[in-house]
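> Data file work-v3.pdb (PDB, C-alpha atoms (C1' of nucleotides)) is appended below.
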```
ATOM      1  CA  MET A  30      17.156  53.078 -49.736
ATOM      2  CA  ALA A  31      15.205  53.747 -52.891
ATOM      3  CA  ASP A  32      14.937  50.144 -54.031
ATOM      4  CA  ALA A  33      11.920  51.073 -56.101
ATOM      5  CA  GLU A  34      14.233  51.476 -59.070
ATOM      6  CA  ILE A  35      15.608  47.986 -58.738
ATOM      7  CA  ASP A  36      12.243  46.326 -58.576
ATOM      8  CA  LEU A  37      10.672  48.397 -61.289
ATOM      9  CA  LEU A  38      13.577  47.426 -63.490
ATOM     10  CA  ARG A  39      12.793  43.842 -62.657
ATOM     11  CA  SER A  40       9.271  44.305 -63.953
ATOM     12  CA  SER A  41      10.230  46.079 -67.140
ATOM     13  CA  LEU A  42      13.716  45.159 -68.292
ATOM     14  CA  ASP A  43      12.569  42.483 -70.709
ATOM     15  CA  LEU A  44      10.004  44.812 -72.185
ATOM     16  CA  LEU A  45      12.471  47.657 -72.547
ATOM     17  CA  ILE A  46      14.931  45.413 -74.350
ATOM     18  CA  LEU A  47      12.229  44.196 -76.712
ATOM     19  CA  LYS A  48      11.156  47.779 -77.263
ATOM     20  CA  ALA A  49      14.713  48.861 -78.072
ATOM     21  CA  LEU A  50      14.872  46.118 -80.686
ATOM     22  CA  SER A  51      11.514  46.995 -82.198
ATOM     23  CA  TRP A  52      13.053  49.209 -84.879
ATOM     24  CA  ALA A  53      16.268  47.466 -85.786
ATOM     25  CA  PRO A  54      18.821  45.025 -84.380
ATOM     26  CA  MET A  55      21.122  46.462 -81.736
ATOM     27  CA  HIS A  56      24.058  45.235 -79.712
ATOM     28  CA  GLY A  57      23.986  45.054 -75.942
ATOM     29  CA  TYR A  58      25.990  48.136 -75.189
ATOM     30  CA  ALA A  59      23.734  50.245 -77.417
ATOM     31  CA  ILE A  60      20.627  48.773 -75.818
ATOM     32  CA  SER A  61      21.764  49.885 -72.409
ATOM     33  CA  GLU A  62      22.409  53.384 -73.739
ATOM     34  CA  TRP A  63      18.984  53.422 -75.316
ATOM     35  CA  ILE A  64      17.327  52.470 -72.035
ATOM     36  CA  ASP A  65      19.331  55.104 -70.245
ATOM     37  CA  ASP A  66      18.081  57.907 -72.407
ATOM     38  CA  ALA A  67      14.621  56.563 -73.167
ATOM     39  CA  THR A  68      13.974  56.606 -69.421
ATOM     40  CA  ARG A  69      15.939  59.810 -68.875
ATOM     41  CA  SER A  70      18.419  57.938 -66.725
ATOM     42  CA  VAL A  71      15.720  56.690 -64.388
ATOM     43  CA  LEU A  72      16.866  53.143 -65.061
ATOM     44  CA  LEU A  73      20.546  52.335 -65.204
ATOM     45  CA  VAL A  74      21.121  48.828 -66.439
ATOM     46  CA  GLU A  75      24.344  47.318 -65.151
ATOM     47  CA  GLU A  76      26.252  45.077 -67.512
ATOM     48  CA  GLY A  77      25.942  42.217 -65.057
ATOM     49  CA  THR A  78      22.200  42.638 -65.404
ATOM     50  CA  LEU A  79      21.950  43.282 -69.100
ATOM     51  CA  TYR A  80      23.930  40.410 -70.576
ATOM     52  CA  PRO A  81      22.268  37.672 -68.570
ATOM     53  CA  ALA A  82      18.934  39.233 -69.524
ATOM     54  CA  LEU A  83      19.816  39.077 -73.211
ATOM     55  CA  HIS A  84      20.814  35.427 -72.901
ATOM     56  CA  ARG A  85      17.595  34.715 -71.073
ATOM     57  CA  LEU A  86      15.472  36.341 -73.753
ATOM     58  CA  GLU A  87      17.351  34.490 -76.436
ATOM     59  CA  ARG A  88      16.893  31.167 -74.628
ATOM     60  CA  ARG A  89      13.192  31.864 -74.545
ATOM     61  CA  GLY A  90      13.061  32.660 -78.218
ATOM     62  CA  TRP A  91      12.060  36.321 -77.987
ATOM     63  CA  ILE A  92      15.274  37.509 -79.596
ATOM     64  CA  GLU A  93      18.103  36.067 -81.665
ATOM     65  CA  SER A  94      21.713  37.081 -82.084
ATOM     66  CA  GLU A  95      24.418  37.349 -84.663
ATOM     67  CA  TRP A  96      28.004  38.573 -84.442
ATOM     68  CA  GLY A  97      28.854  41.674 -86.410
ATOM     69  CA  VAL A  98      30.769  44.914 -86.297
ATOM     70  CA  SER A  99      29.559  48.014 -84.498
ATOM     71  CA  ALA A 100      29.480  51.585 -85.782
ATOM     72  CA  ASN A 101      32.733  52.088 -83.868
ATOM     73  CA  ASN A 102      34.329  49.216 -85.670
ATOM     74  CA  ARG A 103      34.150  46.906 -82.677
ATOM     75  CA  ARG A 104      33.178  43.270 -82.634
ATOM     76  CA  ALA A 105      29.622  43.207 -81.289
ATOM     77  CA  LYS A 106      26.761  40.780 -80.956
ATOM     78  CA  PHE A 107      23.632  42.128 -82.597
ATOM     79  CA  TYR A 108      20.286  41.106 -81.222
ATOM     80  CA  ALA A 109      17.079  41.123 -83.236
ATOM     81  CA  SER A 110      13.512  40.642 -82.103
ATOM     82  CA  THR A 111      11.768  37.496 -83.321
ATOM     83  CA  ALA A 112       8.104  37.300 -84.278
ATOM     84  CA  ALA A 113       7.445  35.783 -80.864
ATOM     85  CA  GLY A 114       9.341  38.657 -79.281
ATOM     86  CA  ARG A 115       7.273  41.244 -81.083
ATOM     87  CA  ALA A 116       4.054  39.542 -80.016
ATOM     88  CA  ARG A 117       5.329  39.348 -76.489
ATOM     89  CA  LEU A 118       6.156  43.046 -76.473
ATOM     90  CA  ARG A 119       2.676  43.964 -77.637
ATOM     91  CA  ALA A 120       0.897  41.731 -75.159
ATOM     92  CA  GLU A 121       3.056  42.279 -72.126
ATOM     93  CA  SER A 122       3.391  46.016 -72.441
ATOM     94  CA  ARG A 123      -0.378  46.334 -72.418
ATOM     95  CA  ILE A 124      -0.509  44.197 -69.305
ATOM     96  CA  TRP A 125       2.297  46.182 -67.733
ATOM     97  CA  GLN A 126       0.487  49.444 -68.339
ATOM     98  CA  ARG A 127      -2.805  48.161 -67.028
ATOM     99  CA  ASN A 128      -1.183  46.878 -63.876
ATOM    100  CA  ALA A 129       0.932  49.956 -63.303
ATOM    101  CA  ASP A 130      -2.218  52.030 -63.645
ATOM    102  CA  ALA A 131      -4.001  49.897 -61.073
ATOM    103  CA  ILE A 132      -1.147  50.302 -58.609
ATOM    104  CA  ALA A 133      -0.924  54.026 -59.246
ATOM    105  CA  ALA A 134      -4.653  54.349 -58.636
ATOM    106  CA  ALA A 135      -4.357  52.449 -55.371
ATOM    107  CA  LEU A 136      -1.535  54.716 -54.250
ATOM    108  CA  ARG A 137      -3.657  57.753 -55.027
ATOM    109  CA  ARG A 138      -6.715  56.594 -53.116
ATOM    110  CA  SER A 139      -7.983  59.163 -50.667
ATOM    111  CA  SER A 140     -10.278  56.832 -48.807
ATOM    112  CA  PRO A 141      -9.960  53.201 -47.739
ATOM    113  CA  GLU A 142     -13.292  52.381 -49.346
ATOM    114  CA  PRO A 143     -13.587  51.516 -53.047
ATOM    115  CA  ALA A 144     -14.509  54.372 -55.326
TER
ATOM    116  CA  MET B   6       3.697  33.493 -68.596
ATOM    117  CA  ALA B   7       2.611  36.948 -67.495
ATOM    118  CA  ASP B   8       5.225  37.387 -64.798
ATOM    119  CA  ALA B   9       4.700  41.120 -65.035
ATOM    120  CA  GLU B  10       2.315  40.862 -62.102
ATOM    121  CA  ILE B  11       4.887  39.212 -59.915
ATOM    122  CA  ASP B  12       7.558  41.761 -60.555
ATOM    123  CA  LEU B  13       5.276  44.751 -60.310
ATOM    124  CA  LEU B  14       4.151  43.416 -56.965
ATOM    125  CA  ARG B  15       7.782  43.297 -55.960
ATOM    126  CA  SER B  16       8.135  46.971 -56.743
ATOM    127  CA  SER B  17       4.997  48.082 -54.960
ATOM    128  CA  LEU B  18       4.003  45.708 -52.182
ATOM    129  CA  ASP B  19       5.668  47.712 -49.426
ATOM    130  CA  LEU B  20       4.055  50.891 -50.680
ATOM    131  CA  LEU B  21       0.635  49.302 -50.945
ATOM    132  CA  ILE B  22       0.850  48.019 -47.393
ATOM    133  CA  LEU B  23       1.881  51.436 -46.113
ATOM    134  CA  LYS B  24      -0.944  52.964 -48.107
ATOM    135  CA  ALA B  25      -3.478  50.558 -46.643
ATOM    136  CA  LEU B  26      -2.340  51.579 -43.174
ATOM    137  CA  SER B  27      -2.467  55.281 -43.922
ATOM    138  CA  TRP B  28      -5.991  55.669 -42.551
ATOM    139  CA  ALA B  29      -6.093  53.313 -39.604
ATOM    140  CA  PRO B  30      -4.414  50.174 -38.255
ATOM    141  CA  MET B  31      -5.359  46.961 -40.028
ATOM    142  CA  HIS B  32      -4.594  43.293 -39.616
ATOM    143  CA  GLY B  33      -2.845  41.290 -42.314
ATOM    144  CA  TYR B  34      -5.850  39.530 -43.712
ATOM    145  CA  ALA B  35      -7.687  42.822 -44.170
ATOM    146  CA  ILE B  36      -4.651  44.394 -45.806
ATOM    147  CA  SER B  37      -4.587  41.701 -48.434
ATOM    148  CA  GLU B  38      -8.280  42.225 -49.107
ATOM    149  CA  TRP B  39      -7.720  45.953 -49.391
ATOM    150  CA  ILE B  40      -4.950  45.450 -51.945
ATOM    151  CA  ASP B  41      -7.138  43.069 -53.855
ATOM    152  CA  ASP B  42      -9.905  45.547 -54.324
ATOM    153  CA  ALA B  43      -7.836  48.723 -54.455
ATOM    154  CA  THR B  44      -6.083  47.237 -57.472
ATOM    155  CA  ARG B  45      -9.251  45.605 -58.818
ATOM    156  CA  SER B  46      -7.693  42.186 -58.346
ATOM    157  CA  VAL B  47      -4.699  43.050 -60.463
ATOM    158  CA  LEU B  48      -2.457  42.093 -57.576
ATOM    159  CA  LEU B  49      -3.195  39.040 -55.510
ATOM    160  CA  VAL B  50      -0.996  38.894 -52.468
ATOM    161  CA  GLU B  51      -0.370  35.360 -51.275
ATOM    162  CA  GLU B  52      -0.183  34.813 -47.541
ATOM    163  CA  GLY B  53       3.328  33.481 -47.929
ATOM    164  CA  THR B  54       4.203  36.842 -49.418
ATOM    165  CA  LEU B  55       2.213  39.109 -47.160
ATOM    166  CA  TYR B  56       3.251  37.975 -43.715
ATOM    167  CA  PRO B  57       6.988  37.998 -44.375
ATOM    168  CA  ALA B  58       6.523  41.456 -45.900
ATOM    169  CA  LEU B  59       4.799  42.703 -42.767
ATOM    170  CA  HIS B  60       7.587  41.344 -40.594
ATOM    171  CA  ARG B  61      10.128  42.961 -42.865
ATOM    172  CA  LEU B  62       8.446  46.363 -42.663
ATOM    173  CA  GLU B  63       8.190  46.065 -38.919
ATOM    174  CA  ARG B  64      11.869  45.151 -38.626
ATOM    175  CA  ARG B  65      12.699  48.255 -40.591
ATOM    176  CA  GLY B  66      10.561  50.440 -38.398
ATOM    177  CA  TRP B  67       7.973  51.495 -40.957
ATOM    178  CA  ILE B  68       5.123  49.808 -39.107
ATOM    179  CA  GLU B  69       4.435  48.436 -35.644
ATOM    180  CA  SER B  70       2.078  45.748 -34.417
ATOM    181  CA  GLU B  71      -0.219  44.908 -31.574
ATOM    182  CA  TRP B  72      -2.453  41.924 -30.940
ATOM    183  CA  GLY B  73      -6.172  42.557 -30.829
ATOM    184  CA  VAL B  74      -9.528  41.217 -31.895
ATOM    185  CA  SER B  75     -10.924  41.588 -35.385
ATOM    186  CA  ALA B  76     -14.394  42.727 -36.417
ATOM    187  CA  ASN B  77     -15.213  39.017 -36.813
ATOM    188  CA  ASN B  78     -14.166  38.366 -33.264
ATOM    189  CA  ARG B  79     -10.940  36.658 -34.238
ATOM    190  CA  ARG B  80      -7.535  37.069 -32.688
ATOM    191  CA  ALA B  81      -5.599  39.294 -35.081
ATOM    192  CA  LYS B  82      -2.389  41.287 -35.178
ATOM    193  CA  PHE B  83      -3.037  44.911 -36.003
ATOM    194  CA  TYR B  84      -0.381  46.858 -37.826
ATOM    195  CA  ALA B  85      -0.048  50.634 -37.685
ATOM    196  CA  SER B  86       2.138  52.936 -39.719
ATOM    197  CA  THR B  87       4.884  54.763 -37.832
ATOM    198  CA  ALA B  88       6.008  58.316 -38.549
ATOM    199  CA  ALA B  89       8.925  56.853 -40.492
ATOM    200  CA  GLY B  90       6.489  54.704 -42.434
ATOM    201  CA  ARG B  91       4.355  57.661 -43.370
ATOM    202  CA  ALA B  92       7.398  59.585 -44.547
ATOM    203  CA  ARG B  93       8.543  56.592 -46.493
ATOM    204  CA  LEU B  94       5.165  56.246 -48.180
ATOM    205  CA  ARG B  95       5.194  59.881 -49.264
ATOM    206  CA  ALA B  96       8.738  59.802 -50.595
ATOM    207  CA  GLU B  97       8.731  56.406 -52.232
ATOM    208  CA  SER B  98       5.365  56.668 -53.882
ATOM    209  CA  ARG B  99       6.488  59.834 -55.616
ATOM    210  CA  ILE B 100       9.606  58.046 -56.793
ATOM    211  CA  TRP B 101       7.574  55.050 -57.877
ATOM    212  CA  GLN B 102       5.252  57.214 -59.929
ATOM    213  CA  ARG B 103       8.075  59.122 -61.567
ATOM    214  CA  ASN B 104       9.846  55.918 -62.510
ATOM    215  CA  ALA B 105       6.731  54.173 -63.728
ATOM    216  CA  ASP B 106       6.007  57.199 -65.894
ATOM    217  CA  ALA B 107       9.496  57.073 -67.373
ATOM    218  CA  ILE B 108       9.134  53.401 -68.214
ATOM    219  CA  ALA B 109       5.674  53.926 -69.676
ATOM    220  CA  ALA B 110       7.029  56.734 -71.836
ATOM    221  CA  ALA B 111       9.855  54.524 -73.078
ATOM    222  CA  LEU B 112       7.378  51.782 -73.946
ATOM    223  CA  ARG B 113       5.296  54.273 -75.897
ATOM    224  CA  ARG B 114       8.173  55.662 -77.943
ATOM    225  CA  SER B 115       7.508  55.616 -81.645
ATOM    226  CA  SER B 116      11.069  56.301 -82.703
ATOM    227  CA  PRO B 117      14.417  55.107 -81.394
ATOM    228  CA  GLU B 118      15.663  58.690 -81.149
ATOM    229  CA  PRO B 119      14.967  60.851 -78.103
ATOM    230  CA  ALA B 120      11.964  63.138 -78.382
TER
ATOM    231  C1'  DT C  20      54.001  52.536 -75.691
ATOM    232  C1'  DA C  21      50.221  53.551 -72.688
ATOM    233  C1'  DC C  22      45.772  54.717 -72.094
ATOM    234  C1'  DT C  23      40.892  55.037 -72.828
ATOM    235  C1'  DC C  24      36.807  53.540 -74.811
ATOM    236  C1'  DT C  25      33.872  50.159 -76.568
ATOM    237  C1'  DC C  26      32.109  45.673 -76.181
ATOM    238  C1'  DC C  27      31.488  40.979 -74.176
ATOM    239  C1'  DC C  28      31.225  37.823 -70.225
ATOM    240  C1'  DT C  29      31.031  35.261 -65.393
ATOM    241  C1'  DT C  30      30.670  34.170 -60.325
ATOM    242  C1'  DG C  31      28.823  34.897 -55.578
ATOM    243  C1'  DC C  32      25.546  36.994 -53.067
ATOM    244  C1'  DG C  33      21.199  38.750 -51.215
ATOM    245  C1'  DT C  34      16.418  39.637 -51.634
ATOM    246  C1'  DC C  35      11.855  38.309 -52.115
ATOM    247  C1'  DG C  36       7.543  36.106 -54.242
ATOM    248  C1'  DC C  37       5.501  31.591 -54.545
ATOM    249  C1'  DA C  38       3.967  26.983 -53.513
ATOM    250  C1'  DA C  39       2.970  24.185 -50.117
ATOM    251  C1'  DG C  40       2.753  23.050 -45.973
ATOM    252  C1'  DG C  41       1.124  23.909 -40.762
ATOM    253  C1'  DG C  42      -2.164  25.456 -36.694
ATOM    254  C1'  DG C  43      -6.031  27.317 -33.990
ATOM    255  C1'  DA C  44     -10.217  29.671 -32.799
ATOM    256  C1'  DA C  45     -15.125  31.337 -34.134
ATOM    257  C1'  DT C  46     -19.271  30.633 -36.622
ATOM    258  C1'  DA C  47     -22.788  28.198 -39.483
ATOM    259  C1'  DG C  48     -25.324  24.249 -40.971
ATOM    260  C1'  DG C  49     -26.721  19.727 -40.371
TER
ATOM    261  C1'  DC D  28     -23.437  18.160 -30.783
ATOM    262  C1'  DC D  29     -20.387  17.684 -34.814
ATOM    263  C1'  DT D  30     -18.481  18.937 -38.898
ATOM    264  C1'  DA D  31     -17.221  22.179 -42.351
ATOM    265  C1'  DT D  32     -16.051  26.621 -43.435
ATOM    266  C1'  DT D  33     -14.233  30.991 -42.659
ATOM    267  C1'  DC D  34     -10.929  33.877 -40.692
ATOM    268  C1'  DC D  35      -6.365  34.710 -39.209
ATOM    269  C1'  DC D  36      -1.515  33.639 -38.255
ATOM    270  C1'  DC D  37       2.917  31.437 -39.565
ATOM    271  C1'  DT D  38       7.170  28.773 -41.775
ATOM    272  C1'  DT D  39      10.295  26.248 -45.009
ATOM    273  C1'  DG D  40      12.416  25.284 -49.639
ATOM    274  C1'  DC D  41      12.938  26.911 -53.912
ATOM    275  C1'  DG D  42      13.799  29.662 -58.037
ATOM    276  C1'  DA D  43      14.431  33.951 -60.346
ATOM    277  C1'  DC D  44      17.110  37.866 -61.049
ATOM    278  C1'  DG D  45      19.636  42.424 -60.138
ATOM    279  C1'  DC D  46      24.041  43.877 -58.307
ATOM    280  C1'  DA D  47      28.879  44.204 -57.251
ATOM    281  C1'  DA D  48      32.978  42.936 -58.661
ATOM    282  C1'  DG D  49      35.703  40.726 -61.106
ATOM    283  C1'  DG D  50      37.897  39.487 -66.085
ATOM    284  C1'  DG D  51      39.239  39.911 -71.178
ATOM    285  C1'  DA D  52      40.154  41.741 -75.913
ATOM    286  C1'  DG D  53      40.442  44.766 -79.803
ATOM    287  C1'  DA D  54      40.349  49.813 -81.711
ATOM    288  C1'  DG D  55      41.529  54.462 -81.575
ATOM    289  C1'  DT D  56      44.488  58.291 -79.549
ATOM    290  C1'  DA D  57      48.374  60.635 -77.691
TER
END
```
Any chance you could put this one into structure tokens?

Amino acid sequence: MADAEIDLLRSSLDLLILKALSWAPMHGYAISEWIDDATRSVLLVEEGTLYPALHRLERRGWIESEWGVSANNRRAKFYASTAAGRARLRAESRIWQRNADAIAAALRRSSPEPA
Amino acid sequence: MADAEIDLLRSSLDLLILKALSWAPMHGYAISEWIDDATRSVLLVEEGTLYPALHRLERRGWIESEWGVSANNRRAKFYASTAAGRARLRAESRIWQRNADAIAAALRRSSPEPA
DNA sequence: TACTCTCCCTTGCGTCGCAAGGGGAATAGG
DNA sequence: CCTATTCCCCTTGCGACGCAAGGGAGAGTA
């Protein structure tokens, strides 16, 4: 019913991943936990969504990966943001905010005529 | 490159249509113009996107249609919001706003740890 | 040993925006 | 009168991507 979550995720998943990686490299599982609490569980990223997304971002050169060992002593693939990824985060998150604001304003309109 | 528009449209098109119809019935062409200026041209709704969306909303019972004549004396199909559509607009736009706020907050975080 | 938790991955499916087509009727400009 | 433009409706084929539902393997715990 409330598909708004799904589609908002679609608009922001790449940005959220890049944001998670903006401080230090992280592995996929940790990224999904970060998104969960950074959005206060508004967005729940399924594994079948997350891993393809990571591969996509890597294919596009926004992030790069390296195998390592997690804090829990598990084999994990660590992803790090590239310079292109950082630039993308800066540019696209501004655009995202501007557009979200425009939509929010439209949804708040109290008259059909332009303000 | 900036696919953010596309995906934000995906999350909000139904709501924007319902919002456009919240004052009076409108035909499709006018709805797309309303969205264009209510969002200050942030979202441009292609006809190949709009008309299927209208049919979808009608199938789901959020809106209903009737043929008529436009202000420009053209044959046009006028869509009106149903009671279910109005309820949906109220509920889903609140959810949309809450979720967009959560994402925006995540994108603004200055530390990986929860505030 | 058995179980849970952490961590990675894939396939099949459905939805939906876009690009690119189509048509027809009313008005404006020559 | 004829043509171009505007308004208004529609469809098909495609690609992108989230989800559900599967699978696997190694580490800690009881």
> Only residues of chain C matter here; which ones have an atom within 8 Å of chain B, counting all atoms listed in the file? Give them as a PyMOL selection string.
chain C and resi 35-37+44-45
> Considering only C-alpha atoms (C1' of nucleotides), extract the chain D residues located within 9 Å of chain A and return them as JSON, numbers by chain.
{"D": [44, 45, 46, 47, 53, 54]}
> Taking the file as shown, find all residues satisfying the PyMOL selection byres ((chain C and resi 23) around 9) and write them as JSON, numbers by chain.
{"C": [22, 24], "D": [55, 56]}
> For each of B:Ala76, B:Ile36, B:Ile22, B:Ala43, take the minimum atom-to-atom distance to chain A, counting only C-alpha atoms, then give the residue where this is smallest.
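Of all the options, B:Ala43 lies closest to chain A.
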> Residues near Ser37 of chain B, anyone? I mean within 12 Å using all atoms listed in the file, not counting same-chain ones fewer than 3 positions away, as a PyMOL selection string.
(chain B and resi 18-19+21-26+31-34+40-44+46+48-56+58-59) or (chain D and resi 35)
> Under the rule that all atoms listed in the file are counted, which of B:Ser75, B:Ser115, B:Ser86, B:Ser70 is the nearest residue to chain A?
B:Ser115
> Within 10 Å of (4.4, 52.8, -74.1) (coordinates as in the file), grab all the protein and nucleic acid residues, counting all atoms listed in the file, and write them out as a list in words.
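Output: Leu44, Leu45, Lys48, Arg119, Ser122, Arg123, Trp125 and Gln126 of chain A; Asp106, Ala107, Ile108, Ala109, Ala110, Ala111, Leu112, Arg113, Arg114 and Ser115 of chain B.
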> Could you check how far atom CA of Ala29 of chain B sits from atom C1' of DT33 of chain D, in Å to one decimal?
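Computing the Euclidean distance for atom CA of Ala29 of chain B and atom C1' of DT33 of chain D yields 24.0 Å.
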> With chain A held fixed, move chain B onto it by a least-squares fit of all C-alpha atoms in order and give the output as a compact mmCIF listing (two decimals) with C-alpha atoms, in the coordinates of the input.

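Done, and the output landed in out.txt:
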```txt
# COMPACT_ATOMS: atom_id res chain seq x y z
CA MET B 6 17.26 53.12 -49.78
CA ALA B 7 15.23 53.76 -52.91
CA ASP B 8 15.02 50.16 -54.04
CA ALA B 9 12.00 51.09 -56.11
CA GLU B 10 14.30 51.46 -59.10
CA ILE B 11 15.63 47.97 -58.74
CA ASP B 12 12.26 46.34 -58.56
CA LEU B 13 10.71 48.40 -61.30
CA LEU B 14 13.61 47.39 -63.49
CA ARG B 15 12.79 43.81 -62.66
CA SER B 16 9.28 44.30 -63.93
CA SER B 17 10.23 46.05 -67.14
CA LEU B 18 13.72 45.14 -68.29
CA ASP B 19 12.58 42.45 -70.71
CA LEU B 20 10.00 44.79 -72.18
CA LEU B 21 12.47 47.63 -72.54
CA ILE B 22 14.93 45.39 -74.35
CA LEU B 23 12.23 44.17 -76.71
CA LYS B 24 11.17 47.76 -77.25
CA ALA B 25 14.70 48.84 -78.06
CA LEU B 26 14.87 46.11 -80.68
CA SER B 27 11.52 46.98 -82.20
CA TRP B 28 13.05 49.22 -84.87
CA ALA B 29 16.27 47.47 -85.79
CA PRO B 30 18.83 45.03 -84.37
CA MET B 31 21.12 46.47 -81.72
CA HIS B 32 24.07 45.24 -79.72
CA GLY B 33 23.99 45.06 -75.94
CA TYR B 34 25.98 48.15 -75.20
CA ALA B 35 23.72 50.25 -77.41
CA ILE B 36 20.62 48.76 -75.81
CA SER B 37 21.76 49.87 -72.40
CA GLU B 38 22.40 53.37 -73.72
CA TRP B 39 18.97 53.42 -75.30
CA ILE B 40 17.32 52.45 -72.02
CA ASP B 41 19.32 55.08 -70.23
CA ASP B 42 18.07 57.88 -72.38
CA ALA B 43 14.61 56.54 -73.15
CA THR B 44 13.97 56.57 -69.42
CA ARG B 45 15.93 59.79 -68.85
CA SER B 46 18.41 57.90 -66.70
CA VAL B 47 15.72 56.63 -64.38
CA LEU B 48 16.88 53.10 -65.05
CA LEU B 49 20.55 52.30 -65.21
CA VAL B 50 21.12 48.80 -66.45
CA GLU B 51 24.33 47.28 -65.14
CA GLU B 52 26.26 45.04 -67.50
CA GLY B 53 25.92 42.20 -65.04
CA THR B 54 22.19 42.60 -65.42
CA LEU B 55 21.96 43.26 -69.12
CA TYR B 56 23.94 40.41 -70.59
CA PRO B 57 22.28 37.65 -68.58
CA ALA B 58 18.94 39.21 -69.54
CA LEU B 59 19.82 39.07 -73.22
CA HIS B 60 20.83 35.43 -72.92
CA ARG B 61 17.61 34.70 -71.08
CA LEU B 62 15.47 36.33 -73.77
CA GLU B 63 17.36 34.48 -76.45
CA ARG B 64 16.89 31.16 -74.65
CA ARG B 65 13.19 31.84 -74.56
CA GLY B 66 13.06 32.65 -78.23
CA TRP B 67 12.07 36.30 -78.00
CA ILE B 68 15.28 37.50 -79.62
CA GLU B 69 18.11 36.06 -81.69
CA SER B 70 21.72 37.10 -82.10
CA GLU B 71 24.43 37.39 -84.67
CA TRP B 72 28.00 38.61 -84.44
CA GLY B 73 28.88 41.71 -86.40
CA VAL B 74 30.79 44.96 -86.27
CA SER B 75 29.56 48.06 -84.50
CA ALA B 76 29.45 51.62 -85.80
CA ASN B 77 32.68 52.16 -83.83
CA ASN B 78 34.31 49.29 -85.64
CA ARG B 79 34.15 46.96 -82.67
CA ARG B 80 33.20 43.32 -82.62
CA ALA B 81 29.64 43.23 -81.28
CA LYS B 82 26.76 40.80 -80.96
CA PHE B 83 23.64 42.14 -82.60
CA TYR B 84 20.29 41.11 -81.22
CA ALA B 85 17.08 41.12 -83.24
CA SER B 86 13.52 40.63 -82.10
CA THR B 87 11.76 37.49 -83.34
CA ALA B 88 8.09 37.29 -84.28
CA ALA B 89 7.44 35.78 -80.86
CA GLY B 90 9.33 38.65 -79.28
CA ARG B 91 7.26 41.23 -81.08
CA ALA B 92 4.05 39.52 -80.01
CA ARG B 93 5.33 39.33 -76.48
CA LEU B 94 6.16 43.03 -76.46
CA ARG B 95 2.67 43.95 -77.63
CA ALA B 96 0.89 41.71 -75.15
CA GLU B 97 3.05 42.27 -72.11
CA SER B 98 3.38 46.00 -72.43
CA ARG B 99 -0.38 46.32 -72.42
CA ILE B 100 -0.52 44.18 -69.30
CA TRP B 101 2.28 46.17 -67.72
CA GLN B 102 0.48 49.43 -68.35
CA ARG B 103 -2.83 48.16 -67.03
CA ASN B 104 -1.19 46.88 -63.87
CA ALA B 105 0.90 49.97 -63.31
CA ASP B 106 -2.25 52.04 -63.67
CA ALA B 107 -4.03 49.93 -61.08
CA ILE B 108 -1.18 50.32 -58.62
CA ALA B 109 -0.95 54.06 -59.27
CA ALA B 110 -4.68 54.37 -58.65
CA ALA B 111 -4.39 52.48 -55.38
CA LEU B 112 -1.55 54.74 -54.28
CA ARG B 113 -3.67 57.78 -55.06
CA ARG B 114 -6.73 56.63 -53.13
CA SER B 115 -7.97 59.19 -50.67
CA SER B 116 -10.28 56.87 -48.80
CA PRO B 117 -9.97 53.25 -47.73
CA GLU B 118 -13.32 52.43 -49.34
CA PRO B 119 -13.61 51.56 -53.03
CA ALA B 120 -14.53 54.44 -55.30
```
> With distances taken over all atoms listed in the file, which residue among C:DT46, C:DT20, C:DT30, C:DG41 lies nearest DC36 of chain D?
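Smallest separation from DC36 of chain D among the options: C:DG41.
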> Taking the point (14.2, 27.0, -55.5) as given in the file, collect each protein or nucleic acid residue that comes within 12 Å of it, counting only C-alpha atoms (C1' of nucleotides), and present the set as a PyMOL selection string.
(chain C and resi 36-38) or (chain D and resi 39-43)
> Pick out the closest residue to chain B from this set: A:Val98, A:Val71, A:Ala109, A:Ala116. Count all atoms listed in the file.
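Among the listed residues, the smallest separation from chain B belongs to A:Val71.
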> Taking all atoms listed in the file into account, name the residue in A:Arg115, A:Arg69, A:His84, A:Arg89 that is nearest to chain B.
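Among the listed residues, the smallest separation from chain B belongs to A:Arg69.
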> So what do you get for atom CA of Thr111 of chain A versus atom CA of Asn104 of chain B, distance-wise?
27.9 Å
> Counting only C-alpha atoms, which residue out of B:Ile68, B:Ile100, B:Ala89, B:Ala81 sits closest to chain A?
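Looking only at the distances to chain A, the closest residue turns out to be B:Ile100.
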> Once 8 Å is added on each side, what are the centre and the three edge lengths, in Å to one decimal, of the axis-aligned box enclosing the listed atoms of segment 20-30 of chain C? Present them as lines of an AutoDock Vina configuration file.

```
center_x = 42.3
center_y = 44.6
center_z = -68.4
size_x = 39.3
size_y = 36.9
size_z = 32.2
```
> So the first atom is atom C1' of DC37 of chain D and the second is atom CA of Trp72 of chain B; what is the distance between them in Å, to one decimal place?
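We find that atom C1' of DC37 of chain D and atom CA of Trp72 of chain B lie 14.6 Å from each other.
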